[in-house]
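For reference, model-v8.tsv (TSV, C-alpha atoms):
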chain	number	residue	atom	x	y	z
A	1	MET	CA	-162.79	157.19	-102.93
A	2	LYS	CA	-162.35	158.01	-99.23
A	3	ALA	CA	-164.22	156.74	-96.18
A	4	ILE	CA	-165.36	158.46	-92.99
A	5	ILE	CA	-166.20	156.55	-89.81
A	6	LEU	CA	-168.43	158.39	-87.32
A	7	ALA	CA	-167.06	157.62	-83.86
A	8	ALA	CA	-167.92	160.71	-81.82
A	9	GLY	CA	-170.76	159.40	-79.67
A	10	ARG	CA	-170.86	157.60	-76.36
A	11	GLY	CA	-172.43	154.15	-76.08
A	12	THR	CA	-174.79	154.93	-73.20
A	13	ARG	CA	-176.65	151.61	-73.60
A	14	MET	CA	-173.42	149.64	-73.15
A	15	LYS	CA	-173.66	150.22	-69.37
A	16	LYS	CA	-170.31	150.24	-67.52
A	17	LEU	CA	-168.25	149.58	-70.65
A	18	GLY	CA	-169.59	152.79	-72.13
A	19	ASP	CA	-168.19	154.74	-69.20
A	20	HIS	CA	-164.66	154.01	-70.36
A	21	LEU	CA	-164.69	153.26	-74.07
A	22	PRO	CA	-166.23	154.65	-77.24
A	23	LYS	CA	-168.62	151.99	-78.48
A	24	CYS	CA	-166.49	151.17	-81.51
A	25	LEU	CA	-163.61	150.06	-79.25
A	26	ILE	CA	-165.74	147.47	-77.47
A	27	GLU	CA	-164.62	144.01	-78.56
A	28	LEU	CA	-166.61	141.51	-80.54
A	29	LYS	CA	-164.92	138.09	-80.62
A	30	GLY	CA	-161.68	139.60	-79.34
A	31	GLN	CA	-161.51	142.45	-81.84
A	32	PRO	CA	-162.71	146.06	-81.50
A	33	LEU	CA	-165.70	146.89	-83.69
A	34	LEU	CA	-163.60	149.57	-85.35
A	35	GLU	CA	-161.24	146.91	-86.68
A	36	TYR	CA	-164.11	145.18	-88.47
A	37	GLN	CA	-164.96	148.42	-90.28
A	38	LEU	CA	-161.35	149.21	-91.14
A	39	ASN	CA	-160.75	145.70	-92.48
A	40	SER	CA	-163.83	145.77	-94.70
A	41	LEU	CA	-163.12	149.27	-96.02
A	42	ARG	CA	-159.52	148.36	-96.84
A	43	GLN	CA	-160.51	145.05	-98.43
A	44	ALA	CA	-162.85	147.04	-100.67
A	45	GLY	CA	-159.88	149.11	-101.82
A	46	ILE	CA	-160.32	152.30	-99.80
A	47	GLY	CA	-156.93	153.61	-98.70
A	48	GLU	CA	-157.79	156.94	-97.09
A	49	ILE	CA	-159.97	156.62	-94.01
A	50	ALA	CA	-160.88	159.27	-91.46
A	51	LEU	CA	-162.41	159.09	-87.99
A	52	VAL	CA	-164.73	161.71	-86.58
A	53	THR	CA	-164.01	161.58	-82.86
A	54	GLY	CA	-165.65	163.00	-79.76
A	55	TYR	CA	-166.00	160.95	-76.58
A	56	GLN	CA	-162.65	159.66	-75.24
A	57	HIS	CA	-160.94	160.78	-78.45
A	58	HIS	CA	-157.47	160.23	-76.98
A	59	LEU	CA	-158.08	156.47	-77.14
A	60	PHE	CA	-157.78	156.64	-80.94
A	61	ALA	CA	-154.25	158.05	-80.83
A	62	ASP	CA	-152.64	154.78	-81.95
A	63	TYR	CA	-154.78	154.58	-85.09
A	64	ASP	CA	-152.92	155.96	-88.11
A	65	LEU	CA	-155.97	157.65	-89.59
A	66	VAL	CA	-157.01	161.18	-90.42
A	67	LYS	CA	-158.91	162.58	-87.42
A	68	PHE	CA	-161.72	165.12	-87.41
A	69	HIS	CA	-163.01	166.09	-83.98
A	70	ASN	CA	-166.51	167.11	-82.93
A	71	GLU	CA	-165.89	169.33	-79.92
A	72	ARG	CA	-169.64	169.54	-79.31
A	73	TRP	CA	-170.23	165.79	-79.32
A	74	THR	CA	-172.21	165.91	-76.05
A	75	GLU	CA	-174.73	168.36	-77.57
A	76	THR	CA	-175.06	167.13	-81.13
A	77	ASN	CA	-176.01	164.12	-83.24
A	78	MET	CA	-174.40	162.25	-86.11
A	79	VAL	CA	-175.13	164.78	-88.85
A	80	THR	CA	-173.12	167.43	-87.00
A	81	SER	CA	-170.30	164.94	-86.53
A	82	LEU	CA	-170.30	164.18	-90.24
A	83	GLY	CA	-170.12	167.90	-90.97
A	84	CYS	CA	-166.77	168.01	-89.19
A	85	ALA	CA	-165.40	166.14	-92.21
A	86	ARG	CA	-166.87	168.58	-94.74
A	87	GLU	CA	-163.39	169.15	-96.23
A	88	TRP	CA	-163.47	165.59	-97.56
A	89	LEU	CA	-167.17	165.55	-98.40
A	90	GLN	CA	-166.86	168.65	-100.54
A	91	SER	CA	-163.91	167.34	-102.52
A	92	GLU	CA	-164.86	163.81	-103.67
A	93	PRO	CA	-167.31	160.94	-103.10
A	94	CYS	CA	-167.03	159.43	-99.61
A	95	VAL	CA	-168.33	156.24	-98.05
A	96	VAL	CA	-169.68	157.02	-94.59
A	97	SER	CA	-169.90	154.34	-91.91
A	98	TYR	CA	-171.39	154.34	-88.46
A	99	SER	CA	-168.88	153.03	-85.94
A	100	ASP	CA	-171.18	150.59	-84.12
A	101	ILE	CA	-171.71	148.23	-87.05
A	102	PHE	CA	-169.85	145.45	-88.83
A	103	TYR	CA	-170.24	144.34	-92.43
A	104	LYS	CA	-168.37	142.68	-95.28
A	105	ALA	CA	-166.34	144.43	-97.98
A	106	SER	CA	-169.07	143.61	-100.51
A	107	ALA	CA	-171.33	146.26	-98.94
A	108	VAL	CA	-168.65	148.90	-99.44
A	109	ILE	CA	-167.92	147.76	-103.00
A	110	SER	CA	-171.59	148.12	-103.93
A	111	LEU	CA	-171.47	151.76	-102.82
A	112	MET	CA	-168.20	152.41	-104.64
A	113	LYS	CA	-169.54	150.97	-107.91
A	114	ASN	CA	-172.78	152.91	-107.72
A	115	LYS	CA	-172.67	156.13	-109.77
A	116	ASP	CA	-175.63	157.91	-108.15
A	117	GLU	CA	-175.19	161.00	-106.02
A	118	LEU	CA	-176.44	159.50	-102.75
A	119	ALA	CA	-176.83	155.82	-101.91
A	120	VAL	CA	-177.49	153.70	-98.83
A	121	THR	CA	-177.13	149.98	-98.17
A	122	TYR	CA	-179.97	148.04	-96.59
A	123	ASP	CA	-180.64	144.54	-95.27
A	124	GLN	CA	-183.63	143.11	-97.09
A	125	ASN	CA	-183.75	140.14	-94.67
A	126	TRP	CA	-183.85	142.38	-91.60
A	127	LEU	CA	-186.88	140.88	-89.87
A	128	GLU	CA	-185.19	137.74	-88.56
A	129	LEU	CA	-182.25	139.67	-87.07
A	130	TRP	CA	-184.43	142.37	-85.51
A	131	THR	CA	-186.70	139.70	-84.00
A	132	ARG	CA	-183.68	138.04	-82.41
A	133	ARG	CA	-182.46	141.36	-81.06
A	134	PHE	CA	-185.69	142.86	-79.78
A	135	GLY	CA	-188.34	140.14	-79.64
A	136	ASN	CA	-190.81	142.60	-81.16
A	137	PRO	CA	-188.93	143.91	-84.23
A	138	LEU	CA	-191.02	147.07	-84.40
A	139	LEU	CA	-189.64	148.28	-81.05
A	140	ASP	CA	-186.56	149.64	-82.79
A	141	ALA	CA	-187.52	149.63	-86.48
A	142	GLU	CA	-187.92	152.67	-88.73
A	143	THR	CA	-189.78	152.93	-92.00
A	144	PHE	CA	-187.82	152.13	-95.13
A	145	ARG	CA	-189.78	152.29	-98.37
A	146	MET	CA	-188.71	152.24	-101.99
A	147	ASN	CA	-190.28	152.86	-105.36
A	148	SER	CA	-190.09	150.48	-108.32
A	149	ASN	CA	-186.69	151.87	-109.36
A	150	ARG	CA	-185.07	151.07	-105.99
A	151	LYS	CA	-185.06	154.71	-105.06
A	152	LEU	CA	-185.84	155.46	-101.44
A	153	SER	CA	-189.24	157.05	-100.87
A	154	GLU	CA	-189.41	157.11	-97.06
A	155	ILE	CA	-187.03	156.54	-94.17
A	156	GLY	CA	-186.80	157.08	-90.44
A	157	LYS	CA	-190.43	157.25	-89.35
A	158	LYS	CA	-192.15	155.04	-86.79
A	159	PRO	CA	-193.74	152.07	-88.58
A	160	LYS	CA	-197.16	150.73	-87.68
A	161	SER	CA	-196.41	147.34	-89.22
A	162	ALA	CA	-193.51	145.40	-90.72
A	163	ASN	CA	-194.98	146.06	-94.17
A	164	GLU	CA	-193.68	149.62	-93.88
A	165	VAL	CA	-190.11	148.34	-93.49
A	166	GLU	CA	-188.89	146.99	-96.82
A	167	GLY	CA	-185.36	146.80	-95.48
A	168	GLN	CA	-183.17	147.80	-92.57
A	169	TYR	CA	-180.99	150.87	-93.07
A	170	MET	CA	-177.51	149.76	-92.04
A	171	GLY	CA	-175.68	153.00	-91.27
A	172	LEU	CA	-173.44	152.62	-94.33
A	173	LEU	CA	-173.91	155.12	-97.15
A	174	LYS	CA	-172.19	157.19	-99.82
A	175	PHE	CA	-172.25	160.93	-100.49
A	176	SER	CA	-171.04	162.74	-103.59
A	177	PRO	CA	-169.96	166.39	-103.26
A	178	SER	CA	-173.22	167.51	-104.88
A	179	SER	CA	-175.37	165.47	-102.47
A	180	TRP	CA	-173.38	166.80	-99.53
A	181	ALA	CA	-174.00	170.33	-100.85
A	182	GLU	CA	-177.73	169.54	-100.75
A	183	ILE	CA	-177.39	168.40	-97.12
A	184	GLU	CA	-175.64	171.66	-96.22
A	185	ARG	CA	-178.29	173.69	-98.05
A	186	LEU	CA	-181.05	171.98	-96.07
A	187	LEU	CA	-179.18	172.29	-92.77
A	188	ALA	CA	-178.79	176.03	-93.32
A	189	ARG	CA	-182.59	176.35	-93.25
A	190	LEU	CA	-182.82	174.77	-89.79
A	191	SER	CA	-182.35	176.46	-86.44
A	192	LEU	CA	-179.23	175.63	-84.45
A	193	ALA	CA	-181.27	173.43	-82.10
A	194	GLU	CA	-182.79	171.56	-85.05
A	195	ARG	CA	-179.36	171.04	-86.63
A	196	ASP	CA	-177.94	169.76	-83.35
A	197	ASN	CA	-180.77	167.27	-82.81
A	198	ILE	CA	-181.42	165.88	-86.28
A	199	HIS	CA	-180.54	162.22	-86.83
A	200	MET	CA	-179.11	160.86	-90.06
A	201	THR	CA	-182.33	159.16	-91.13
A	202	GLY	CA	-184.24	162.36	-90.37
A	203	MET	CA	-181.79	164.23	-92.58
A	204	LEU	CA	-182.24	161.73	-95.38
A	205	GLN	CA	-186.01	162.09	-95.08
A	206	LEU	CA	-185.63	165.86	-95.50
A	207	VAL	CA	-183.67	165.22	-98.70
A	208	LEU	CA	-186.51	163.02	-99.97
A	209	GLU	CA	-189.17	165.58	-99.09
A	210	GLU	CA	-187.23	168.35	-100.86
A	211	GLY	CA	-187.17	166.23	-104.01
A	212	ARG	CA	-184.00	167.64	-105.56
A	213	THR	CA	-181.73	164.65	-104.88
A	214	SER	CA	-182.74	160.99	-105.09
A	215	ILE	CA	-181.40	158.30	-102.76
A	216	THR	CA	-180.53	154.92	-104.22
A	217	ALA	CA	-181.13	151.85	-102.03
A	218	LEU	CA	-178.62	149.02	-102.49
A	219	PRO	CA	-179.58	145.57	-101.12
A	220	TYR	CA	-177.09	143.67	-98.99
A	221	VAL	CA	-177.47	140.01	-98.00
A	222	ASP	CA	-174.18	139.10	-96.31
A	223	ARG	CA	-173.15	139.16	-92.64
A	224	TRP	CA	-173.62	142.41	-90.74
A	225	GLY	CA	-174.84	143.72	-87.40
A	226	GLU	CA	-175.48	146.82	-85.31
A	227	VAL	CA	-174.24	146.82	-81.72
A	228	ASP	CA	-176.22	148.85	-79.20
A	229	THR	CA	-176.07	146.74	-76.04
A	230	MET	CA	-174.09	143.95	-74.39
A	231	ASP	CA	-176.95	141.64	-75.35
A	232	ASP	CA	-176.11	142.45	-78.96
A	233	VAL	CA	-172.47	141.55	-78.34
A	234	MET	CA	-173.47	138.16	-76.94
A	235	LEU	CA	-175.89	137.52	-79.79
A	236	TYR	CA	-173.36	138.34	-82.50
A	237	GLU	CA	-170.63	136.31	-80.86
A	238	LYS	CA	-172.92	133.31	-81.14
A	239	MET	CA	-173.86	134.15	-84.71
A	240	LEU	CA	-170.21	134.61	-85.73
A	241	ASN	CA	-169.11	131.35	-84.10
A	242	PRO	CA	-168.13	128.99	-86.94
A	243	ASN	CA	-169.33	126.01	-84.86
Structure rendered as structure tokens:
Amino acid sequence: MKAIILAAGRGTRMKKLGDHLPKCLIELKGQPLLEYQLNSLRQAGIGEIALVTGYQHHLFADYDLVKFHNERWTETNMVTSLGCAREWLQSEPCVVSYSDIFYKASAVISLMKNKDELAVTYDQNWLELWTRRFGNPLLDAETFRMNSNRKLSEIGKKPKSANEVEGQYMGLLKFSPSSWAEIERLLARLSLAERDNIHMTGMLQLVLEEGRTSITALPYVDRWGEVDTMDDVMLYEKMLNPN
């Protein structure tokens, strides 16, 4: 199985640091975020890893990885960036990772072991972390609902209460070639502007509404985090401090 890390965007909420570095090269406890992802993917047994680049792509030159480049990174969102790696997605199952997160190898292994066509990891204990990050956890939360078989039933909408968030989508998922074909089929029905602006969770919600491909939700309980701001960096450095 291969892995694709989506690193095309610019971390606009990282203030001055984002003016010089892609967000995944900002350091957390002395190590770029990207290194956390690479270490976990490799520990899980994934040998072939690709980066989808965009902003400041020359800064990834020293990384011995396959590179796909989104030339339209300023105009598009993550789904378009992922489509730049369609050569891999069409050929075999791929783990896909956002580049502004960190997680343990166990999250990747759960995706690799899962035999379903499309699967996402989620944090079932999300509320405590989101409260620490935002004060009011609903400020940044999206709906995440499942049926009794742990299949996703709703994702990416604005929740009215925490009861509508059964877990936090982590930005770590797996596509099979057939599920990627479904994504491309749905994208072909959208206008160019809609394709450029759709977010990953919005795309997954379209898959659910179409009803042809199910999405398996895999719980994850180990250490992870999403880095959007320098406040996040400071919070996680405290959380990751062994003392």
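Each of A:Gln90, A:Ser81, A:Thr229, A:Ser191 was compared to Lys23 of chain A using all atoms listed in the file, and A:Thr229 turns out to be the nearest.
Near segment 178-181 of chain A, within a cut-off of 8 Å and counting only C-alpha atoms, sit the residues Leu89, Gln90, Glu117, Leu118, Arg185 and Thr213 of chain A, with same-chain residues fewer than 4 positions away left out.
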Got time to write the residues from that selection, C-alpha atoms, as a PDB file, keeping the file's coordinate frame?
ATOM      1  CA  LEU A  89    -167.170 165.550 -98.400  1.00  0.00           C
ATOM      2  CA  GLN A  90    -166.860 168.650-100.540  1.00  0.00           C
ATOM      3  CA  GLU A 117    -175.190 161.000-106.020  1.00  0.00           C
ATOM      4  CA  LEU A 118    -176.440 159.500-102.750  1.00  0.00           C
ATOM      5  CA  ARG A 185    -178.290 173.690 -98.050  1.00  0.00           C
ATOM      6  CA  THR A 213    -181.730 164.650-104.880  1.00  0.00           C
TER       7      THR A 213
END
Exercise for the section: Considering all atoms listed in the file, state which residue in the set A:Tyr169, A:Phe68, A:Tyr236, A:Phe144 is at the smallest distance from Lys157 of chain A. Expected result: A:Phe144
Exercise for the section: Tell me which protein, DNA and RNA residues are within 10 Å of Ile49 of chain A, counting all atoms listed in the file, leaving out same-chain ones fewer than 4 positions away, and put them as a list of chain:residue names. Expected result: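 Final neighbour list, sorted by chain and number: A:Met1, A:Lys2, A:Ala3, A:Ile4, A:Ile5, A:Leu38, A:Leu41, A:Arg42, A:Asp64, A:Leu65, A:Val66, A:Lys67, A:Cys94, A:Val95, A:Val96.
Considering all atoms listed in the file, the residue among A:Ser161, A:Thr76, A:Asn197, A:Asn241 positioned nearest to Asn136 of chain A is A:Ser161.
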Handout entry: Counting all atoms listed in the file, the option among A:Leu28, A:Leu187, A:Leu172, A:Val207 closest to Ile109 of chain A
Key = A:Leu172
Practice task
Do a neighbour search on Gly9 of chain A at 12 Å with only C-alpha atoms, toss out local chain neighbours closer than 5 positions, and write the hits as a PyMOL selection string.
Solution key: chain A and resi 18-19+21-25+51-57+69-82+98-100+228
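Reported to one decimal place, the separation of atom CA of Gly45 of chain A from atom CA of Ala105 of chain A is 8.9 Å.
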Practice task
Could you check how far atom CA of Arg86 of chain A sits from atom CA of Ile183 of chain A, in Å to one decimal?
Solution key: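 Those two atoms sit 10.8 Å apart.
Shortest atom-to-atom contact with Asp116 of chain A among A:Ile215, A:Ser40, A:Leu204, A:Glu166: A:Ile215, counting only C-alpha atoms.
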Fill in the blank from the handout: A straight line from atom CA of Glu154 of chain A to atom CA of Val120 of chain A spans 12.5 Å
Exercise for the section: Could you tell me which of A:Met200, A:Met112, A:Leu218, A:Cys84 comes closest to Asn149 of chain A if we count only C-alpha atoms? Expected result: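 Once distances to Asn149 of chain A are computed over only C-alpha atoms, the minimum belongs to A:Leu218.
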Put segment 26-38 of chain A into a file with all heavy atoms, as a PDB file, in the first residue's frame.
ATOM      1  N   ILE A  26       6.628  23.524   9.690  1.00  0.00           N
ATOM      2  CA  ILE A  26       6.720  24.203  10.988  1.00  0.00           C
ATOM      3  C   ILE A  26       7.021  23.157  12.055  1.00  0.00           C
ATOM      4  O   ILE A  26       6.479  22.045  12.040  1.00  0.00           O
ATOM      5  CB  ILE A  26       5.420  24.962  11.284  1.00  0.00           C
ATOM      6  CG1 ILE A  26       5.313  26.167  10.337  1.00  0.00           C
ATOM      7  CG2 ILE A  26       5.335  25.401  12.735  1.00  0.00           C
ATOM      8  CD1 ILE A  26       3.987  26.858  10.366  1.00  0.00           C
ATOM      9  N   GLU A  27       7.903  23.491  12.980  1.00  0.00           N
ATOM     10  CA  GLU A  27       8.395  22.503  13.933  1.00  0.00           C
ATOM     11  C   GLU A  27       7.509  22.378  15.165  1.00  0.00           C
ATOM     12  O   GLU A  27       6.987  23.364  15.684  1.00  0.00           O
ATOM     13  CB  GLU A  27       9.823  22.849  14.362  1.00  0.00           C
ATOM     14  CG  GLU A  27      10.831  22.687  13.236  1.00  0.00           C
ATOM     15  CD  GLU A  27      12.267  22.804  13.705  1.00  0.00           C
ATOM     16  OE1 GLU A  27      12.491  23.159  14.886  1.00  0.00           O
ATOM     17  OE2 GLU A  27      13.174  22.540  12.890  1.00  0.00           O
ATOM     18  N   LEU A  28       7.365  21.157  15.595  1.00  0.00           N
ATOM     19  CA  LEU A  28       6.697  20.816  16.841  1.00  0.00           C
ATOM     20  C   LEU A  28       7.695  20.011  17.659  1.00  0.00           C
ATOM     21  O   LEU A  28       8.125  18.939  17.243  1.00  0.00           O
ATOM     22  CB  LEU A  28       5.443  19.990  16.556  1.00  0.00           C
ATOM     23  CG  LEU A  28       4.620  19.511  17.756  1.00  0.00           C
ATOM     24  CD1 LEU A  28       4.064  20.686  18.529  1.00  0.00           C
ATOM     25  CD2 LEU A  28       3.499  18.585  17.300  1.00  0.00           C
ATOM     26  N   LYS A  29       8.126  20.562  18.784  1.00  0.00           N
ATOM     27  CA  LYS A  29       9.159  19.957  19.623  1.00  0.00           C
ATOM     28  C   LYS A  29      10.433  19.656  18.816  1.00  0.00           C
ATOM     29  O   LYS A  29      11.021  18.579  18.915  1.00  0.00           O
ATOM     30  CB  LYS A  29       8.636  18.696  20.305  1.00  0.00           C
ATOM     31  CG  LYS A  29       7.596  18.978  21.380  1.00  0.00           C
ATOM     32  CD  LYS A  29       7.251  17.748  22.187  1.00  0.00           C
ATOM     33  CE  LYS A  29       8.388  17.302  23.076  1.00  0.00           C
ATOM     34  NZ  LYS A  29       8.698  18.270  24.145  1.00  0.00           N
ATOM     35  N   GLY A  30      10.832  20.642  18.003  1.00  0.00           N
ATOM     36  CA  GLY A  30      12.094  20.549  17.287  1.00  0.00           C
ATOM     37  C   GLY A  30      12.085  19.695  16.041  1.00  0.00           C
ATOM     38  O   GLY A  30      13.145  19.449  15.447  1.00  0.00           O
ATOM     39  N   GLN A  31      10.908  19.275  15.598  1.00  0.00           N
ATOM     40  CA  GLN A  31      10.814  18.409  14.425  1.00  0.00           C
ATOM     41  C   GLN A  31       9.664  18.877  13.530  1.00  0.00           C
ATOM     42  O   GLN A  31       8.568  19.128  14.022  1.00  0.00           O
ATOM     43  CB  GLN A  31      10.570  16.965  14.869  1.00  0.00           C
ATOM     44  CG  GLN A  31      10.497  15.961  13.749  1.00  0.00           C
ATOM     45  CD  GLN A  31      10.457  14.541  14.265  1.00  0.00           C
ATOM     46  OE1 GLN A  31      11.444  13.817  14.235  1.00  0.00           O
ATOM     47  NE2 GLN A  31       9.309  14.113  14.764  1.00  0.00           N
ATOM     48  N   PRO A  32       9.910  19.010  12.212  1.00  0.00           N
ATOM     49  CA  PRO A  32       8.817  19.415  11.327  1.00  0.00           C
ATOM     50  C   PRO A  32       7.640  18.449  11.417  1.00  0.00           C
ATOM     51  O   PRO A  32       7.825  17.231  11.578  1.00  0.00           O
ATOM     52  CB  PRO A  32       9.453  19.375   9.932  1.00  0.00           C
ATOM     53  CG  PRO A  32      10.914  19.503  10.169  1.00  0.00           C
ATOM     54  CD  PRO A  32      11.176  18.823  11.485  1.00  0.00           C
ATOM     55  N   LEU A  33       6.437  18.988  11.309  1.00  0.00           N
ATOM     56  CA  LEU A  33       5.244  18.141  11.320  1.00  0.00           C
ATOM     57  C   LEU A  33       5.332  17.013  10.308  1.00  0.00           C
ATOM     58  O   LEU A  33       4.906  15.886  10.567  1.00  0.00           O
ATOM     59  CB  LEU A  33       4.008  18.995  11.017  1.00  0.00           C
ATOM     60  CG  LEU A  33       3.269  19.625  12.185  1.00  0.00           C
ATOM     61  CD1 LEU A  33       2.196  20.563  11.664  1.00  0.00           C
ATOM     62  CD2 LEU A  33       2.670  18.568  13.084  1.00  0.00           C
ATOM     63  N   LEU A  34       5.900  17.311   9.146  1.00  0.00           N
ATOM     64  CA  LEU A  34       6.015  16.307   8.096  1.00  0.00           C
ATOM     65  C   LEU A  34       6.780  15.076   8.580  1.00  0.00           C
ATOM     66  O   LEU A  34       6.466  13.941   8.205  1.00  0.00           O
ATOM     67  CB  LEU A  34       6.695  16.914   6.869  1.00  0.00           C
ATOM     68  CG  LEU A  34       6.910  15.990   5.672  1.00  0.00           C
ATOM     69  CD1 LEU A  34       5.580  15.437   5.161  1.00  0.00           C
ATOM     70  CD2 LEU A  34       7.642  16.724   4.549  1.00  0.00           C
ATOM     71  N   GLU A  35       7.781  15.273   9.418  1.00  0.00           N
ATOM     72  CA  GLU A  35       8.564  14.155   9.916  1.00  0.00           C
ATOM     73  C   GLU A  35       7.721  13.230  10.797  1.00  0.00           C
ATOM     74  O   GLU A  35       7.911  12.005  10.800  1.00  0.00           O
ATOM     75  CB  GLU A  35       9.775  14.655  10.701  1.00  0.00           C
ATOM     76  CG  GLU A  35      10.789  15.414   9.858  1.00  0.00           C
ATOM     77  CD  GLU A  35      11.560  14.515   8.906  1.00  0.00           C
ATOM     78  OE1 GLU A  35      11.488  13.276   9.058  1.00  0.00           O
ATOM     79  OE2 GLU A  35      12.240  15.057   8.015  1.00  0.00           O
ATOM     80  N   TYR A  36       6.779  13.789  11.545  1.00  0.00           N
ATOM     81  CA  TYR A  36       5.891  12.960  12.351  1.00  0.00           C
ATOM     82  C   TYR A  36       5.073  12.032  11.439  1.00  0.00           C
ATOM     83  O   TYR A  36       4.893  10.846  11.735  1.00  0.00           O
ATOM     84  CB  TYR A  36       4.935  13.834  13.163  1.00  0.00           C
ATOM     85  CG  TYR A  36       5.567  14.545  14.344  1.00  0.00           C
ATOM     86  CD1 TYR A  36       6.201  15.766  14.184  1.00  0.00           C
ATOM     87  CD2 TYR A  36       5.508  13.997  15.625  1.00  0.00           C
ATOM     88  CE1 TYR A  36       6.775  16.432  15.266  1.00  0.00           C
ATOM     89  CE2 TYR A  36       6.061  14.653  16.719  1.00  0.00           C
ATOM     90  CZ  TYR A  36       6.709  15.864  16.527  1.00  0.00           C
ATOM     91  OH  TYR A  36       7.271  16.506  17.606  1.00  0.00           O
ATOM     92  N   GLN A  37       4.554  12.584  10.354  1.00  0.00           N
ATOM     93  CA  GLN A  37       3.754  11.776   9.433  1.00  0.00           C
ATOM     94  C   GLN A  37       4.601  10.709   8.762  1.00  0.00           C
ATOM     95  O   GLN A  37       4.203   9.526   8.688  1.00  0.00           O
ATOM     96  CB  GLN A  37       3.115  12.693   8.379  1.00  0.00           C
ATOM     97  CG  GLN A  37       2.160  13.706   8.945  1.00  0.00           C
ATOM     98  CD  GLN A  37       2.215  15.040   8.225  1.00  0.00           C
ATOM     99  OE1 GLN A  37       2.504  15.089   7.032  1.00  0.00           O
ATOM    100  NE2 GLN A  37       1.951  16.122   8.933  1.00  0.00           N
ATOM    101  N   LEU A  38       5.774  11.098   8.280  1.00  0.00           N
ATOM    102  CA  LEU A  38       6.644  10.135   7.608  1.00  0.00           C
ATOM    103  C   LEU A  38       7.043   9.010   8.548  1.00  0.00           C
ATOM    104  O   LEU A  38       7.050   7.830   8.160  1.00  0.00           O
ATOM    105  CB  LEU A  38       7.893  10.843   7.063  1.00  0.00           C
ATOM    106  CG  LEU A  38       7.654  11.844   5.924  1.00  0.00           C
ATOM    107  CD1 LEU A  38       8.954  12.579   5.585  1.00  0.00           C
ATOM    108  CD2 LEU A  38       7.107  11.144   4.683  1.00  0.00           C
TER     109      LEU A  38
END
